[in-house]
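Engineer: My file is upload.pdb. It has PDB, C-alpha atoms:
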```pdb
ATOM      1  CA  MET A   1     -80.403-267.125  23.678
ATOM      2  CA  LEU A   2     -82.216-264.874  26.097
ATOM      3  CA  LYS A   3     -85.502-263.233  25.293
ATOM      4  CA  SER A   4     -86.212-259.677  26.317
ATOM      5  CA  SER A   5     -88.622-260.910  29.000
ATOM      6  CA  GLU A   6     -85.846-262.977  30.590
ATOM      7  CA  VAL A   7     -83.558-259.942  30.637
ATOM      8  CA  ALA A   8     -86.311-257.815  32.206
ATOM      9  CA  ASN A   9     -87.114-260.419  34.856
ATOM     10  CA  GLY A  10     -83.471-261.069  35.742
ATOM     11  CA  SER A  11     -83.622-264.690  34.526
ATOM     12  CA  THR A  12     -80.260-264.500  32.799
ATOM     13  CA  GLU A  13     -78.268-267.364  34.309
ATOM     14  CA  HIS A  14     -79.671-270.232  32.247
ATOM     15  CA  PRO A  15     -80.940-269.536  28.730
ATOM     16  CA  THR A  16     -84.132-271.374  27.830
ATOM     17  CA  ARG A  17     -83.657-271.179  24.072
ATOM     18  CA  TRP A  18     -80.926-272.065  21.651
ATOM     19  CA  MET A  19     -80.172-270.231  18.447
ATOM     20  CA  LEU A  20     -78.220-271.242  15.416
ATOM     21  CA  VAL A  21     -76.104-268.211  14.491
ATOM     22  CA  THR A  22     -75.250-268.547  10.811
ATOM     23  CA  GLN A  23     -73.105-265.436  10.451
ATOM     24  CA  LYS A  24     -70.550-263.427  12.388
ATOM     25  CA  THR A  25     -71.334-260.242  10.465
ATOM     26  CA  VAL A  26     -74.364-258.990   8.557
ATOM     27  CA  GLY A  27     -74.281-260.079   4.915
ATOM     28  CA  GLU A  28     -71.593-262.737   5.415
ATOM     29  CA  ASP A  29     -71.837-265.625   2.934
ATOM     30  CA  THR A  30     -73.707-268.527   4.519
ATOM     31  CA  SER A  31     -72.916-271.114   1.846
ATOM     32  CA  VAL A  32     -69.593-271.865   3.583
ATOM     33  CA  ILE A  33     -71.636-273.682   6.242
ATOM     34  CA  GLU A  34     -72.160-276.509   3.744
ATOM     35  CA  ARG A  35     -68.421-277.199   3.810
ATOM     36  CA  THR A  36     -67.499-276.217   7.366
ATOM     37  CA  ALA A  37     -70.537-277.611   9.222
ATOM     38  CA  PRO A  38     -72.348-280.139   7.006
ATOM     39  CA  LYS A  39     -74.796-281.271   9.714
ATOM     40  CA  THR A  40     -75.787-277.671  10.351
ATOM     41  CA  TRP A  41     -76.253-277.136   6.611
ATOM     42  CA  GLU A  42     -78.429-280.240   6.480
ATOM     43  CA  TYR A  43     -80.517-278.941   9.386
ATOM     44  CA  LEU A  44     -80.945-275.530   7.738
ATOM     45  CA  ASN A  45     -82.042-277.119   4.475
ATOM     46  CA  ARG A  46     -84.447-279.446   6.269
ATOM     47  CA  HIS A  47     -86.142-276.345   7.730
ATOM     48  CA  ALA A  48     -85.588-274.092   4.705
ATOM     49  CA  GLY A  49     -89.299-273.859   3.923
ATOM     50  CA  LYS A  50     -90.011-272.138   7.235
ATOM     51  CA  LEU A  51     -86.845-270.045   7.194
ATOM     52  CA  ASP A  52     -87.486-268.845   3.640
ATOM     53  CA  LYS A  53     -90.926-267.557   4.684
ATOM     54  CA  ARG A  54     -89.492-264.956   7.038
ATOM     55  CA  GLY A  55     -91.223-261.845   5.798
ATOM     56  CA  SER A  56     -89.031-259.038   7.078
ATOM     57  CA  ALA A  57     -87.436-256.792   4.482
ATOM     58  CA  ILE A  58     -84.193-257.275   6.409
ATOM     59  CA  TYR A  59     -83.795-260.685   4.748
ATOM     60  CA  LYS A  60     -84.368-259.482   1.176
ATOM     61  CA  ASN A  61     -81.278-259.654  -1.043
ATOM     62  CA  ARG A  62     -79.267-261.310   1.734
ATOM     63  CA  PRO A  63     -77.600-264.721   1.727
ATOM     64  CA  ARG A  64     -79.974-267.587   2.464
ATOM     65  CA  PHE A  65     -80.329-268.367   6.193
ATOM     66  CA  SER A  66     -79.123-264.876   7.148
ATOM     67  CA  VAL A  67     -79.617-263.398  10.586
ATOM     68  CA  PHE A  68     -79.641-259.704  11.417
ATOM     69  CA  GLY A  69     -78.261-257.566  14.194
ATOM     70  CA  VAL A  70     -75.088-259.603  14.357
ATOM     71  CA  GLY A  71     -71.521-258.382  14.622
ATOM     72  CA  GLU A  72     -68.375-258.715  16.702
ATOM     73  CA  TYR A  73     -70.269-257.258  19.671
ATOM     74  CA  SER A  74     -72.754-260.177  19.572
ATOM     75  CA  PHE A  75     -70.036-262.600  20.613
ATOM     76  CA  ALA A  76     -68.706-260.640  23.589
ATOM     77  CA  PRO A  77     -68.423-263.029  26.546
ATOM     78  CA  PHE A  78     -70.286-260.635  28.856
ATOM     79  CA  LYS A  79     -72.968-258.046  28.251
ATOM     80  CA  VAL A  80     -74.999-255.490  30.145
ATOM     81  CA  ALA A  81     -78.511-255.595  28.717
ATOM     82  CA  ILE A  82     -81.930-254.016  29.027
ATOM     83  CA  SER A  83     -85.291-254.996  27.590
ATOM     84  CA  GLY A  84     -86.846-252.502  25.217
ATOM     85  CA  PHE A  85     -90.408-253.654  25.934
ATOM     86  CA  TYR A  86     -90.614-253.710  29.700
ATOM     87  CA  LYS A  87     -91.484-250.639  31.665
ATOM     88  CA  ARG A  88     -88.476-250.794  33.982
ATOM     89  CA  LEU A  89     -85.074-249.220  33.844
ATOM     90  CA  ALA A  90     -83.154-252.293  34.964
ATOM     91  CA  PHE A  91     -79.874-253.283  33.352
ATOM     92  CA  ALA A  92     -78.819-256.918  33.755
ATOM     93  CA  GLU A  93     -75.344-258.418  33.692
ATOM     94  CA  ILE A  94     -75.226-261.307  31.216
ATOM     95  CA  GLY A  95     -72.447-263.861  31.449
ATOM     96  CA  ASN A  96     -71.651-266.768  29.181
ATOM     97  CA  LEU A  97     -72.648-270.411  29.262
ATOM     98  CA  GLU A  98     -69.852-272.956  29.349
ATOM     99  CA  GLY A  99     -67.506-270.432  27.762
ATOM    100  CA  LYS A 100     -69.915-269.586  24.923
ATOM    101  CA  PRO A 101     -71.492-266.160  24.564
ATOM    102  CA  ILE A 102     -75.192-265.779  25.205
ATOM    103  CA  VAL A 103     -77.004-263.924  22.435
ATOM    104  CA  LEU A 104     -80.077-261.767  22.944
ATOM    105  CA  ASP A 105     -83.229-261.310  20.920
ATOM    106  CA  ASP A 106     -83.748-258.179  18.857
ATOM    107  CA  THR A 107     -85.882-256.434  21.482
ATOM    108  CA  SER A 108     -82.996-256.112  23.929
ATOM    109  CA  TYR A 109     -80.165-253.601  23.875
ATOM    110  CA  PHE A 110     -76.737-254.254  25.308
ATOM    111  CA  VAL A 111     -73.213-253.028  25.881
ATOM    112  CA  PRO A 112     -70.574-255.678  25.049
ATOM    113  CA  CYS A 113     -68.087-256.424  27.828
ATOM    114  CA  TYR A 114     -65.046-258.659  27.819
ATOM    115  CA  SER A 115     -64.771-259.495  31.514
ATOM    116  CA  ARG A 116     -67.106-259.904  34.466
ATOM    117  CA  GLN A 117     -65.401-256.871  36.029
ATOM    118  CA  GLU A 118     -66.265-254.716  33.002
ATOM    119  CA  ALA A 119     -69.879-255.899  33.059
ATOM    120  CA  LYS A 120     -70.131-255.112  36.762
ATOM    121  CA  LEU A 121     -68.748-251.595  36.198
ATOM    122  CA  ILE A 122     -71.112-250.804  33.315
ATOM    123  CA  ALA A 123     -74.118-252.296  35.156
ATOM    124  CA  THR A 124     -73.275-250.306  38.289
ATOM    125  CA  MET A 125     -73.139-247.112  36.262
ATOM    126  CA  LEU A 126     -76.328-247.743  34.284
ATOM    127  CA  ASN A 127     -78.309-248.893  37.331
ATOM    128  CA  SER A 128     -77.250-245.868  39.376
ATOM    129  CA  ASN A 129     -79.940-243.466  40.569
ATOM    130  CA  LEU A 130     -78.292-240.745  38.497
ATOM    131  CA  ALA A 131     -78.591-242.755  35.260
ATOM    132  CA  ARG A 132     -82.175-243.801  36.036
ATOM    133  CA  GLU A 133     -83.200-240.208  36.736
ATOM    134  CA  PHE A 134     -81.558-239.095  33.497
ATOM    135  CA  TYR A 135     -83.188-241.801  31.371
ATOM    136  CA  SER A 136     -86.621-241.372  32.946
ATOM    137  CA  VAL A 137     -86.824-237.889  31.399
ATOM    138  CA  PHE A 138     -86.595-239.398  27.892
ATOM    139  CA  VAL A 139     -88.685-242.562  28.276
ATOM    140  CA  PHE A 140     -92.300-242.544  27.069
ATOM    141  CA  TRP A 141     -93.710-245.204  29.380
ATOM    142  CA  ASP A 142     -96.968-245.523  27.397
ATOM    143  CA  ALA A 143     -95.132-246.531  24.214
ATOM    144  CA  LYS A 144     -95.119-250.165  23.077
ATOM    145  CA  ARG A 145     -91.314-250.098  23.290
ATOM    146  CA  PRO A 146     -90.576-247.436  25.899
ATOM    147  CA  ILE A 147     -86.824-247.988  25.948
ATOM    148  CA  THR A 148     -85.251-247.340  22.559
ATOM    149  CA  ILE A 149     -81.765-247.035  21.174
ATOM    150  CA  ASP A 150     -82.336-243.286  20.784
ATOM    151  CA  VAL A 151     -83.170-242.985  24.484
ATOM    152  CA  LEU A 152     -80.175-245.075  25.524
ATOM    153  CA  ARG A 153     -77.800-243.024  23.381
ATOM    154  CA  GLN A 154     -78.728-239.817  25.203
ATOM    155  CA  LEU A 155     -76.510-240.656  28.166
ATOM    156  CA  ASN A 156     -72.840-239.739  28.019
ATOM    157  CA  LEU A 157     -71.189-242.546  29.969
ATOM    158  CA  SER A 158     -67.925-240.654  30.418
ATOM    159  CA  ALA A 159     -69.801-237.825  32.125
ATOM    160  CA  LEU A 160     -71.776-240.344  34.192
ATOM    161  CA  ALA A 161     -68.566-242.076  35.295
ATOM    162  CA  GLU A 162     -67.155-238.741  36.384
ATOM    163  CA  GLU A 163     -70.292-237.908  38.400
ATOM    164  CA  LEU A 164     -70.230-241.347  40.039
ATOM    165  CA  GLN A 165     -66.501-241.043  40.772
ATOM    166  CA  LEU A 166     -65.829-244.074  38.572
ATOM    167  CA  GLU A 167     -63.905-242.136  35.948
ATOM    168  CA  ARG A 168     -60.608-243.994  36.479
ATOM    169  CA  GLU A 169     -62.294-247.404  36.083
ATOM    170  CA  PHE A 170     -64.299-246.272  33.056
ATOM    171  CA  LEU A 171     -61.230-244.770  31.368
ATOM    172  CA  ALA A 172     -59.445-248.106  31.865
ATOM    173  CA  TYR A 173     -62.422-249.814  30.175
ATOM    174  CA  LEU A 174     -62.240-247.398  27.239
ATOM    175  CA  LYS A 175     -58.489-247.937  26.810
ATOM    176  CA  ARG A 176     -59.055-251.682  26.516
ATOM    177  CA  HIS A 177     -61.638-251.050  23.774
ATOM    178  CA  PRO A 178     -60.359-248.606  21.147
ATOM    179  CA  LYS A 179     -63.691-248.595  19.270
ATOM    180  CA  ALA A 180     -65.546-247.584  22.433
ATOM    181  CA  GLU A 181     -62.980-244.876  23.183
ATOM    182  CA  LYS A 182     -64.118-242.906  20.118
ATOM    183  CA  GLN A 183     -67.692-242.604  21.373
ATOM    184  CA  THR A 184     -69.324-241.203  24.466
ATOM    185  CA  THR A 185     -72.400-243.436  24.327
ATOM    186  CA  MET A 186     -72.194-247.211  24.348
ATOM    187  CA  PHE A 187     -75.352-248.349  22.605
TER     188      PHE A 187
END
```
Let me see the structure of the file written as structure tokens.
Structural biologist:
Amino acid sequence: MLKSSEVANGSTEHPTRWMLVTQKTVGEDTSVIERTAPKTWEYLNRHAGKLDKRGSAIYKNRPRFSVFGVGEYSFAPFKVAISGFYKRLAFAEIGNLEGKPIVLDDTSYFVPCYSRQEAKLIATMLNSNLAREFYSVFVFWDAKRPITIDVLRQLNLSALAEELQLEREFLAYLKRHPKAEKQTTMF
């Protein structure tokens, strides 16, 4: 797992934390872990006291040991990410570790990618001067979290690709990802 600070500082090659991901989708039943991964279930129960004290309303009326902000996109082998807390418009390419996806904390935003080539394309687009100039109009640098999902969604990546003369490459990306093809923003 990478923390937002690691994304912001470009320290993305070697995660310093490990996270037990108990679900593939929000709300998924976690009791199956008892049968499919008994040692994991034992570990979760050994630390249940601490896990049950998580105060966020997100965990209310959810299966025990739930996580949030998880979906198919979480397990993409590559990502292009940005920290929401740091006062820099710098998107980082995130790879995988030994063939396993690297997950990010909840203060980072990312675009899922399924190859290094896709990640490079998206990072090139988002780190372009044109994208930075566009985003800088919407960012409130004095805010605790200056970069938000609402800010990131302002940019139409298809239009950006056209301006950067990367339209052909971006259209190829969209064709490989039917869900992405239906939207103009990626976050």
Engineer: Once the PyMOL selection byres ((chain A and resi 8-24) around 8) has been evaluated on this model, what residues remain selected, and can you format them as JSON, numbers by chain?
Structural biologist: {"A": [1, 2, 4, 5, 6, 7, 25, 26, 27, 28, 29, 30, 33, 65, 66, 67, 70, 71, 72, 82, 83, 86, 88, 90, 91, 92, 93, 94, 95, 97, 102]}
Engineer: Which residues are near A:Glu118? Cut-off 9 Å, only C-alpha atoms, ignore same chain within fewer than 2 positions. Put them as a count of residues only.
Structural biologist: 13
Engineer: Would you write out, as a PDB file with C-alpha atoms, in the coordinates of the input, every residue that the PyMOL selection byres ((chain A and resi 85) around 7) captures in this file?
Structural biologist:
```pdb
ATOM      1  CA  SER A  83     -85.291-254.996  27.590  1.00  0.00           C
ATOM      2  CA  GLY A  84     -86.846-252.502  25.217  1.00  0.00           C
ATOM      3  CA  TYR A  86     -90.614-253.710  29.700  1.00  0.00           C
ATOM      4  CA  LYS A  87     -91.484-250.639  31.665  1.00  0.00           C
ATOM      5  CA  THR A 107     -85.882-256.434  21.482  1.00  0.00           C
ATOM      6  CA  LYS A 144     -95.119-250.165  23.077  1.00  0.00           C
ATOM      7  CA  ARG A 145     -91.314-250.098  23.290  1.00  0.00           C
ATOM      8  CA  PRO A 146     -90.576-247.436  25.899  1.00  0.00           C
ATOM      9  CA  ILE A 147     -86.824-247.988  25.948  1.00  0.00           C
TER      10      ILE A 147
END
```
Engineer: Rank A:Gln154, A:Leu51, A:His177, A:Ala119 by their smallest atom-to-atom distance to A:Ala131, using only C-alpha atoms, and report the top residue only.
Structural biologist: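 Among the listed residues, A:Gln154 lies closest to A:Ala131.
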Engineer: Quick check, in Å to one decimal: how far apart do atom CA of A:Gln117 and atom CA of A:Arg153 lie?
Structural biologist: 22.5 Å
Engineer: Put the listed atoms of stretch 69-72 of chain A in a box along x, y and z with 4 Å added on every side and give me the centre and edge lengths in Å to one decimal, as AutoDock Vina command-line options.
Structural biologist:
```
--center_x -73.3 --center_y -258.6 --center_z 15.4 --size_x 17.9 --size_y 10.0 --size_z 10.5
```
Engineer: Using all atoms listed in the file, find the one residue out of A:Pro77, A:Met125, A:Ala172, A:Gly55 that sits nearest to A:Gly99.
Structural biologist: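 Among the listed residues, the smallest separation from A:Gly99 belongs to A:Pro77.
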Engineer: Rank nothing, just name the residue among A:Glu42, A:Ala143, A:Phe187, A:Glu133 nearest to A:Leu157, using all atoms listed in the file.
Structural biologist: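 Nearest candidate to A:Leu157 out of A:Glu42, A:Ala143, A:Phe187, A:Glu133: A:Phe187.
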Engineer: Just checking: using all atoms listed in the file, which residue out of A:Leu171, A:Val111, A:Leu44, A:Val137 ends up closest to A:Ile149?
Structural biologist: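 Ranked by minimum distance to A:Ile149, first place goes to A:Val111.
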Engineer: Of the residues A:Ser56, A:Asn96, A:Thr40, A:Ser31, which is the one nearest to A:Pro112, using only C-alpha atoms?
Structural biologist: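 Closest to A:Pro112, using only C-alpha atoms: A:Asn96.
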Engineer: Which distance in Å separates atom CA of A:Glu162 and atom CA of A:Tyr73, to one decimal?
Structural biologist: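 It comes out at 25.1 Å.
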Engineer: Could you check how far atom CA of A:Glu167 sits from atom CA of A:Leu130, in Å to one decimal?
Structural biologist: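 Between atom CA of A:Glu167 and atom CA of A:Leu130 the gap works out to 14.7 Å.
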Engineer: How would stretch 92-127 of chain A read, as an mmCIF file, keeping the file's coordinate frame, once N, CA and C atoms are built in?
Structural biologist:
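This is the output file part_18.cif:
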```
data_model
loop_
_atom_site.group_PDB
_atom_site.id
_atom_site.type_symbol
_atom_site.label_atom_id
_atom_site.label_comp_id
_atom_site.auth_asym_id
_atom_site.auth_seq_id
_atom_site.Cartn_x
_atom_site.Cartn_y
_atom_site.Cartn_z
ATOM 1 N N ALA A 92 -79.235 -255.614 33.225
ATOM 2 C CA ALA A 92 -78.819 -256.918 33.755
ATOM 3 C C ALA A 92 -77.441 -257.292 33.232
ATOM 4 N N GLU A 93 -76.633 -257.859 34.110
ATOM 5 C CA GLU A 93 -75.344 -258.418 33.692
ATOM 6 C C GLU A 93 -75.609 -259.794 33.088
ATOM 7 N N ILE A 94 -75.073 -260.022 31.899
ATOM 8 C CA ILE A 94 -75.226 -261.307 31.216
ATOM 9 C C ILE A 94 -73.845 -261.932 31.103
ATOM 10 N N GLY A 95 -73.718 -263.150 31.555
ATOM 11 C CA GLY A 95 -72.447 -263.861 31.449
ATOM 12 C C GLY A 95 -72.423 -264.742 30.215
ATOM 13 N N ASN A 96 -71.682 -265.815 30.286
ATOM 14 C CA ASN A 96 -71.651 -266.768 29.181
ATOM 15 C C ASN A 96 -72.051 -268.125 29.734
ATOM 16 N N LEU A 97 -72.257 -269.067 28.852
ATOM 17 C CA LEU A 97 -72.648 -270.411 29.262
ATOM 18 C C LEU A 97 -71.601 -271.384 28.758
ATOM 19 N N GLU A 98 -70.897 -271.992 29.686
ATOM 20 C CA GLU A 98 -69.852 -272.956 29.349
ATOM 21 C C GLU A 98 -68.841 -272.363 28.358
ATOM 22 N N GLY A 99 -68.496 -271.099 28.595
ATOM 23 C CA GLY A 99 -67.506 -270.432 27.762
ATOM 24 C C GLY A 99 -68.033 -269.913 26.433
ATOM 25 N N LYS A 100 -69.330 -270.068 26.180
ATOM 26 C CA LYS A 100 -69.915 -269.586 24.923
ATOM 27 C C LYS A 100 -70.782 -268.369 25.207
ATOM 28 N N PRO A 101 -70.714 -267.373 24.320
ATOM 29 C CA PRO A 101 -71.492 -266.160 24.564
ATOM 30 C C PRO A 101 -72.985 -266.432 24.474
ATOM 31 N N ILE A 102 -73.732 -265.722 25.260
ATOM 32 C CA ILE A 102 -75.192 -265.779 25.205
ATOM 33 C C ILE A 102 -75.647 -264.636 24.314
ATOM 34 N N VAL A 103 -76.469 -264.956 23.320
ATOM 35 C CA VAL A 103 -77.004 -263.924 22.435
ATOM 36 C C VAL A 103 -78.383 -263.508 22.939
ATOM 37 N N LEU A 104 -78.806 -262.338 22.500
ATOM 38 C CA LEU A 104 -80.077 -261.767 22.944
ATOM 39 C C LEU A 104 -81.003 -261.575 21.754
ATOM 40 N N ASP A 105 -82.300 -261.559 22.016
ATOM 41 C CA ASP A 105 -83.229 -261.310 20.920
ATOM 42 C C ASP A 105 -83.164 -259.840 20.508
ATOM 43 N N ASP A 106 -83.869 -259.518 19.440
ATOM 44 C CA ASP A 106 -83.748 -258.179 18.857
ATOM 45 C C ASP A 106 -84.559 -257.112 19.585
ATOM 46 N N THR A 107 -85.163 -257.447 20.712
ATOM 47 C CA THR A 107 -85.882 -256.434 21.482
ATOM 48 C C THR A 107 -85.118 -256.047 22.747
ATOM 49 N N SER A 108 -83.883 -256.486 22.826
ATOM 50 C CA SER A 108 -82.996 -256.112 23.929
ATOM 51 C C SER A 108 -81.865 -255.252 23.380
ATOM 52 N N TYR A 109 -81.329 -254.414 24.223
ATOM 53 C CA TYR A 109 -80.165 -253.601 23.875
ATOM 54 C C TYR A 109 -79.064 -253.957 24.859
ATOM 55 N N PHE A 110 -77.814 -253.882 24.391
ATOM 56 C CA PHE A 110 -76.737 -254.254 25.308
ATOM 57 C C PHE A 110 -75.434 -253.551 24.986
ATOM 58 N N VAL A 111 -74.590 -253.505 26.005
ATOM 59 C CA VAL A 111 -73.213 -253.028 25.881
ATOM 60 C C VAL A 111 -72.331 -254.270 25.965
ATOM 61 N N PRO A 112 -71.468 -254.515 24.970
ATOM 62 C CA PRO A 112 -70.574 -255.678 25.049
ATOM 63 C C PRO A 112 -69.474 -255.444 26.077
ATOM 64 N N CYS A 113 -69.154 -256.483 26.828
ATOM 65 C CA CYS A 113 -68.087 -256.424 27.828
ATOM 66 C C CYS A 113 -67.226 -257.670 27.678
ATOM 67 N N TYR A 114 -65.972 -257.551 28.054
ATOM 68 C CA TYR A 114 -65.046 -258.659 27.819
ATOM 69 C C TYR A 114 -64.516 -259.276 29.108
ATOM 70 N N SER A 115 -65.080 -258.856 30.234
ATOM 71 C CA SER A 115 -64.771 -259.495 31.514
ATOM 72 C C SER A 115 -65.953 -259.248 32.444
ATOM 73 N N ARG A 116 -66.042 -260.074 33.466
ATOM 74 C CA ARG A 116 -67.106 -259.904 34.466
ATOM 75 C C ARG A 116 -66.941 -258.548 35.161
ATOM 76 N N GLN A 117 -65.689 -258.150 35.377
ATOM 77 C CA GLN A 117 -65.401 -256.871 36.029
ATOM 78 C C GLN A 117 -65.939 -255.702 35.193
ATOM 79 N N GLU A 118 -65.734 -255.767 33.873
ATOM 80 C CA GLU A 118 -66.265 -254.716 33.002
ATOM 81 C C GLU A 118 -67.787 -254.673 33.071
ATOM 82 N N ALA A 119 -68.415 -255.842 33.008
ATOM 83 C CA ALA A 119 -69.879 -255.899 33.059
ATOM 84 C C ALA A 119 -70.395 -255.315 34.373
ATOM 85 N N LYS A 120 -69.721 -255.631 35.445
ATOM 86 C CA LYS A 120 -70.131 -255.112 36.762
ATOM 87 C C LYS A 120 -70.023 -253.586 36.789
ATOM 88 N N LEU A 121 -68.936 -253.046 36.245
ATOM 89 C CA LEU A 121 -68.748 -251.595 36.198
ATOM 90 C C LEU A 121 -69.863 -250.926 35.395
ATOM 91 N N ILE A 122 -70.101 -251.414 34.186
ATOM 92 C CA ILE A 122 -71.112 -250.804 33.315
ATOM 93 C C ILE A 122 -72.500 -250.935 33.945
ATOM 94 N N ALA A 123 -72.813 -252.105 34.507
ATOM 95 C CA ALA A 123 -74.118 -252.296 35.156
ATOM 96 C C ALA A 123 -74.280 -251.364 36.352
ATOM 97 N N THR A 124 -73.227 -251.212 37.132
ATOM 98 C CA THR A 124 -73.275 -250.306 38.289
ATOM 99 C C THR A 124 -73.579 -248.885 37.829
ATOM 100 N N MET A 125 -72.920 -248.461 36.775
ATOM 101 C CA MET A 125 -73.139 -247.112 36.262
ATOM 102 C C MET A 125 -74.568 -246.938 35.749
ATOM 103 N N LEU A 126 -75.014 -247.884 34.914
ATOM 104 C CA LEU A 126 -76.328 -247.743 34.284
ATOM 105 C C LEU A 126 -77.488 -247.946 35.259
ATOM 106 N N ASN A 127 -77.261 -248.689 36.324
ATOM 107 C CA ASN A 127 -78.309 -248.893 37.331
ATOM 108 C C ASN A 127 -78.266 -247.859 38.452
#
```
